[in-house]
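Note sheet for the following structure.
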Amino acid sequence: MERTFAIIKPDAVERNVTGKVLEMIEAAGFNIVGMKKIRLSKSQAEGFYYVHSERPFFGDLCSFMSRGPVIALVLEKEDAILSWRGLMGATNPANAEAGTIRKALGVSIEENTVHGSDSPESASFEIPYFFSQLELV
């Protein structure tokens with residue numbers, strides 16, 4: 001079994017579609033082993049997205065991720081990282097395949113509903129950024 005990290009982003013929480021996202025996660029066979037609703041400070045968002053700090057969208061991304069609550073998740077499944085990336089769909093919802101979360105629920109390339117780890121290395125940073133071992137079941 002592999003674990004990956006996911007976030008239901010502020011745009012999805014604001015639009016009250018978190019239940020739809022969770023339903024799609026469970027229907028795809030993921031086991032949710034950690035979940036919490038939190039609100040990131042801008043500083044926490046900057047720490048989380050530090051790998052993008054040199055990119056031109058960094059400031060806007062951190063402002064967006066700290067504008068409202070998010071749902072942080074740890075998902076478990078065989079090949080969880082690759083499976084979660086596939087379920088999320090392309091970053092731009094307009095380019096995402098039918099049946100993906102971003103195609104069904106994403107608004108734009110900026111407000112695309114969900115985040116997910118892109119590698120075992122990023123998952124190993126992202127999971128403990130949000131969860132202690134005691135919070136994972």
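Chain labels follow the order of the structure tokens: the first chain is A, the next B, and so on; residue numbering restarts at 1 in every chain, and ligands are counted from 1 in their shown order.
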
- Message: Just want the 10 Å neighbourhood of Lys42 (chain A), counted on only C-alpha atoms, with same-chain residues fewer than 5 positions away dropped. Output as a PyMOL selection string.
- Response: chain A and resi 47-48+59+61-67

- Message: Excluding region 118-131 of chain A and its own-chain neighbours fewer than 3 positions away, which residues fall within 10 Å of it when counting only C-alpha atoms? Please give them as a list in words.
- Response: Glu2, Arg3, Thr4, Phe5, Ala6, Gly34, Met35, Lys36, Ile38, Gln44, Gly47, Phe48, Tyr49, Val51, Ala72, Leu73, Val74, Leu75, Ala80, Ile81, Leu82, Trp84, Arg85, His115, Leu134, Glu135 and Leu136 of chain A

- Task: Give the strand (DSSP E or B) residues of chain A, as assigned by DSSP on the backbone, as a list of chain:residue names.
- Result: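 The strand (DSSP E or B) residues within chain A come out as A:Glu2, A:Arg3, A:Thr4, A:Phe5, A:Ala6, A:Ile7, A:Ile8, A:Asn31, A:Ile32, A:Val33, A:Gly34, A:Met35, A:Lys36, A:Lys37, A:Ile38, A:Val70, A:Ile71, A:Ala72, A:Leu73, A:Val74, A:Leu75, A:Glu76, A:Lys77, A:Val114, A:His115, A:Gly116.
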
- Message: Show me, as a VMD selection string, the residues that have an atom within 6 Å of Ile101 (chain A) when counting only C-alpha atoms, minus same-chain residues fewer than 3 positions from it.
- Response: chain A and resid 88 104 to 105

- Out of A:Ser132, A:Glu110, A:Arg102, A:Val33, which residue has the shortest atom-to-atom distance to Val21 (chain A) when counting only C-alpha atoms? A:Arg102

- Item | Among listed residues A:Ser108, A:Glu97, A:Gly19, A:Val137, nearest Ile32 (chain A) (using only C-alpha atoms) |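 Checking each candidate against Ile32 (chain A), we get A:Val137 as the closest.
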
Give me the residues within 12 Å of Thr100 (chain A) as a compact mmCIF listing (two decimals) with all heavy atoms, in the first residue's frame, counting only C-alpha atoms and dropping any in the same chain fewer than 2 places off.
# COMPACT_ATOMS: atom_id res chain seq x y z
N LYS A 20 -18.73 15.90 -2.79
CA LYS A 20 -18.61 15.29 -4.12
C LYS A 20 -17.18 14.79 -4.35
O LYS A 20 -16.98 13.71 -4.91
CB LYS A 20 -19.01 16.28 -5.20
CG LYS A 20 -20.49 16.59 -5.20
CD LYS A 20 -20.84 17.62 -6.25
CE LYS A 20 -22.33 17.93 -6.17
NZ LYS A 20 -22.74 18.97 -7.10
N VAL A 21 -16.20 15.58 -3.92
CA VAL A 21 -14.81 15.16 -4.08
C VAL A 21 -14.55 13.90 -3.24
O VAL A 21 -13.97 12.92 -3.73
CB VAL A 21 -13.83 16.29 -3.68
CG1 VAL A 21 -12.38 15.79 -3.71
CG2 VAL A 21 -13.99 17.50 -4.58
N MET A 24 -15.99 10.84 -4.85
CA MET A 24 -15.18 10.37 -5.98
C MET A 24 -13.92 9.64 -5.48
O MET A 24 -13.51 8.64 -6.07
CB MET A 24 -14.81 11.53 -6.89
CG MET A 24 -16.00 12.13 -7.64
SD MET A 24 -15.60 13.60 -8.61
CE MET A 24 -14.90 12.81 -10.08
N ILE A 25 -13.33 10.15 -4.41
CA ILE A 25 -12.15 9.51 -3.82
C ILE A 25 -12.49 8.10 -3.34
O ILE A 25 -11.79 7.13 -3.65
CB ILE A 25 -11.59 10.37 -2.66
CG1 ILE A 25 -10.93 11.64 -3.22
CG2 ILE A 25 -10.62 9.57 -1.80
CD1 ILE A 25 -10.59 12.68 -2.16
N ALA A 27 -15.10 6.24 -4.19
CA ALA A 27 -15.55 5.41 -5.32
C ALA A 27 -14.36 4.86 -6.10
O ALA A 27 -14.45 3.79 -6.71
CB ALA A 27 -16.47 6.20 -6.24
N ALA A 28 -13.24 5.57 -6.08
CA ALA A 28 -12.03 5.13 -6.78
C ALA A 28 -11.21 4.14 -5.95
O ALA A 28 -10.14 3.71 -6.38
CB ALA A 28 -11.17 6.34 -7.16
N SER A 83 -2.48 6.87 -9.00
CA SER A 83 -3.94 6.78 -9.06
C SER A 83 -4.60 8.12 -8.73
O SER A 83 -5.56 8.53 -9.38
CB SER A 83 -4.45 5.71 -8.10
OG SER A 83 -4.03 4.44 -8.50
N TRP A 84 -4.08 8.81 -7.71
CA TRP A 84 -4.64 10.10 -7.32
C TRP A 84 -4.40 11.14 -8.41
O TRP A 84 -5.28 11.93 -8.75
CB TRP A 84 -4.07 10.57 -5.98
CG TRP A 84 -4.52 11.93 -5.57
CD1 TRP A 84 -3.72 12.99 -5.27
CD2 TRP A 84 -5.87 12.40 -5.40
NE1 TRP A 84 -4.48 14.08 -4.93
CE2 TRP A 84 -5.81 13.74 -5.01
CE3 TRP A 84 -7.12 11.82 -5.57
CZ2 TRP A 84 -6.94 14.51 -4.77
CZ3 TRP A 84 -8.25 12.57 -5.33
CH2 TRP A 84 -8.16 13.91 -4.93
N ARG A 85 -3.20 11.13 -9.01
CA ARG A 85 -2.92 12.07 -10.10
C ARG A 85 -3.91 11.84 -11.25
O ARG A 85 -4.40 12.77 -11.87
CB ARG A 85 -1.49 11.91 -10.61
CG ARG A 85 -0.39 12.09 -9.59
CD ARG A 85 -0.22 13.46 -9.04
NE ARG A 85 0.15 14.42 -10.06
CZ ARG A 85 0.20 15.74 -9.86
NH1 ARG A 85 -0.08 16.24 -8.69
NH2 ARG A 85 0.53 16.54 -10.83
N GLY A 86 -4.20 10.59 -11.55
CA GLY A 86 -5.14 10.28 -12.61
C GLY A 86 -6.55 10.71 -12.27
O GLY A 86 -7.26 11.25 -13.13
N LEU A 87 -6.99 10.51 -11.03
CA LEU A 87 -8.33 10.91 -10.63
C LEU A 87 -8.47 12.43 -10.61
O LEU A 87 -9.53 12.96 -10.95
CB LEU A 87 -8.68 10.33 -9.26
CG LEU A 87 -10.09 10.63 -8.73
CD1 LEU A 87 -11.17 10.11 -9.68
CD2 LEU A 87 -10.26 10.03 -7.34
N MET A 88 -7.40 13.14 -10.24
CA MET A 88 -7.47 14.60 -10.25
C MET A 88 -7.69 15.14 -11.66
O MET A 88 -8.49 16.04 -11.85
CB MET A 88 -6.17 15.22 -9.70
CG MET A 88 -6.01 15.10 -8.22
SD MET A 88 -4.67 16.15 -7.56
CE MET A 88 -3.29 15.74 -8.59
N GLY A 89 -6.94 14.64 -12.62
CA GLY A 89 -7.02 15.15 -13.98
C GLY A 89 -6.01 16.26 -14.21
O GLY A 89 -5.30 16.68 -13.30
N ALA A 90 -5.97 16.75 -15.43
CA ALA A 90 -5.02 17.81 -15.82
C ALA A 90 -5.23 19.06 -14.98
O ALA A 90 -6.35 19.37 -14.56
CB ALA A 90 -5.20 18.13 -17.30
N THR A 91 -4.15 19.81 -14.76
CA THR A 91 -4.20 21.03 -13.96
C THR A 91 -5.26 21.99 -14.48
O THR A 91 -6.00 22.60 -13.69
CB THR A 91 -2.82 21.72 -13.96
OG1 THR A 91 -1.86 20.78 -13.46
CG2 THR A 91 -2.81 22.95 -13.09
N ASN A 92 -5.34 22.15 -15.78
CA ASN A 92 -6.37 23.00 -16.39
C ASN A 92 -7.61 22.15 -16.63
O ASN A 92 -7.58 21.23 -17.44
CB ASN A 92 -5.86 23.57 -17.71
CG ASN A 92 -6.83 24.56 -18.32
OD1 ASN A 92 -8.00 24.63 -17.94
ND2 ASN A 92 -6.35 25.33 -19.26
N PRO A 93 -8.71 22.44 -15.92
CA PRO A 93 -9.93 21.64 -16.08
C PRO A 93 -10.40 21.52 -17.53
O PRO A 93 -10.98 20.50 -17.91
CB PRO A 93 -10.96 22.38 -15.22
CG PRO A 93 -10.15 23.08 -14.20
CD PRO A 93 -8.88 23.49 -14.91
N ALA A 94 -10.11 22.53 -18.35
CA ALA A 94 -10.51 22.49 -19.76
C ALA A 94 -9.80 21.36 -20.50
O ALA A 94 -10.32 20.84 -21.49
CB ALA A 94 -10.22 23.82 -20.43
N ASN A 95 -8.63 20.96 -20.02
CA ASN A 95 -7.85 19.90 -20.66
C ASN A 95 -7.98 18.55 -19.96
O ASN A 95 -7.39 17.56 -20.40
CB ASN A 95 -6.36 20.28 -20.69
CG ASN A 95 -6.11 21.55 -21.46
OD1 ASN A 95 -6.87 21.90 -22.36
ND2 ASN A 95 -5.06 22.27 -21.10
N ALA A 96 -8.73 18.51 -18.86
CA ALA A 96 -8.86 17.27 -18.08
C ALA A 96 -9.81 16.29 -18.76
O ALA A 96 -10.75 16.70 -19.46
CB ALA A 96 -9.34 17.60 -16.67
N GLU A 97 -9.55 15.03 -18.54
CA GLU A 97 -10.40 13.98 -19.11
C GLU A 97 -11.71 13.87 -18.36
O GLU A 97 -11.79 14.15 -17.16
CB GLU A 97 -9.67 12.64 -19.05
CG GLU A 97 -8.49 12.53 -19.98
CD GLU A 97 -7.86 11.15 -19.97
OE1 GLU A 97 -8.59 10.17 -19.74
OE2 GLU A 97 -6.65 11.07 -20.18
N ALA A 98 -12.75 13.44 -19.06
CA ALA A 98 -14.05 13.19 -18.46
C ALA A 98 -13.88 12.18 -17.32
O ALA A 98 -13.07 11.27 -17.41
CB ALA A 98 -15.03 12.67 -19.50
N ARG A 102 -11.12 17.37 -11.61
CA ARG A 102 -10.96 18.71 -12.17
C ARG A 102 -11.90 18.97 -13.35
O ARG A 102 -12.39 20.09 -13.51
CB ARG A 102 -9.50 18.97 -12.54
CG ARG A 102 -8.63 19.12 -11.30
CD ARG A 102 -7.18 19.27 -11.65
NE ARG A 102 -6.38 19.62 -10.48
CZ ARG A 102 -5.08 19.41 -10.40
NH1 ARG A 102 -4.42 18.86 -11.41
NH2 ARG A 102 -4.42 19.76 -9.31
N LYS A 103 -12.16 17.96 -14.17
CA LYS A 103 -13.11 18.14 -15.27
C LYS A 103 -14.51 18.36 -14.72
O LYS A 103 -15.25 19.23 -15.18
CB LYS A 103 -13.09 16.92 -16.19
CG LYS A 103 -13.95 17.09 -17.43
CD LYS A 103 -13.39 18.20 -18.30
CE LYS A 103 -13.89 18.17 -19.71
NZ LYS A 103 -13.20 19.18 -20.54
N ALA A 104 -14.88 17.59 -13.71
CA ALA A 104 -16.23 17.66 -13.15
C ALA A 104 -16.45 18.90 -12.28
O ALA A 104 -17.53 19.49 -12.31
CB ALA A 104 -16.52 16.41 -12.33
N LEU A 105 -15.42 19.30 -11.53
CA LEU A 105 -15.63 20.31 -10.49
C LEU A 105 -14.70 21.52 -10.57
O LEU A 105 -14.93 22.51 -9.87
CB LEU A 105 -15.49 19.67 -9.11
CG LEU A 105 -16.45 18.50 -8.83
CD1 LEU A 105 -16.06 17.79 -7.54
CD2 LEU A 105 -17.88 18.99 -8.78
N GLY A 106 -13.64 21.46 -11.37
CA GLY A 106 -12.71 22.57 -11.47
C GLY A 106 -13.32 23.76 -12.19
O GLY A 106 -14.16 23.60 -13.07
N ASN A 112 -8.70 24.93 -9.37
CA ASN A 112 -8.90 23.60 -9.96
C ASN A 112 -9.25 22.52 -8.94
O ASN A 112 -9.04 21.35 -9.17
CB ASN A 112 -7.69 23.20 -10.81
CG ASN A 112 -6.40 23.17 -10.02
OD1 ASN A 112 -6.41 23.12 -8.79
ND2 ASN A 112 -5.29 23.19 -10.72
N THR A 113 -9.77 22.94 -7.79
CA THR A 113 -10.42 22.07 -6.81
C THR A 113 -9.52 21.25 -5.91
O THR A 113 -9.76 21.16 -4.72
CB THR A 113 -11.46 21.14 -7.49
OG1 THR A 113 -12.33 21.95 -8.28
CG2 THR A 113 -12.27 20.34 -6.51
N VAL A 114 -8.47 20.61 -6.46
CA VAL A 114 -7.66 19.68 -5.66
C VAL A 114 -6.17 19.82 -5.95
O VAL A 114 -5.76 20.28 -7.00
CB VAL A 114 -8.08 18.22 -5.89
CG1 VAL A 114 -9.43 17.92 -5.26
CG2 VAL A 114 -8.10 17.86 -7.36

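When CA of Leu22 (chain A) is paired with CA of Ser41 (chain A), their separation reads 24.0 Å.
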
- Distance of CA of Phe58 (chain A) from CA of Ala45 (chain A), expressed in Å to one decimal place: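 Rounded to one decimal, the two atoms are 9.8 Å apart.
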
- Kindly give the distance, in Å, that separates CA of Glu78 (chain A) and CA of Phe30 (chain A), rounded to a single decimal.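 CA of Phe30 (chain A) lies at a distance of 8.7 Å from CA of Glu78 (chain A).
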
- 6 Å contact set for region 8-17 of chain A, only C-alpha atoms, chain neighbours under 4 positions out, as a PyMOL selection string: chain A and resi 68-71+111+113-114

- Item | Residues of chain A in helix (DSSP H, G or I), written as a ChimeraX atom specification | /A:10-14,18-27,42-48,50-52,58-65,80-88,93-95,101-105,120-130,133-135

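The closest residue to Lys77 (chain A), picked from A:Pro56, A:Gln133, A:Glu26, A:Tyr50 and counting only C-alpha atoms, is A:Glu26.
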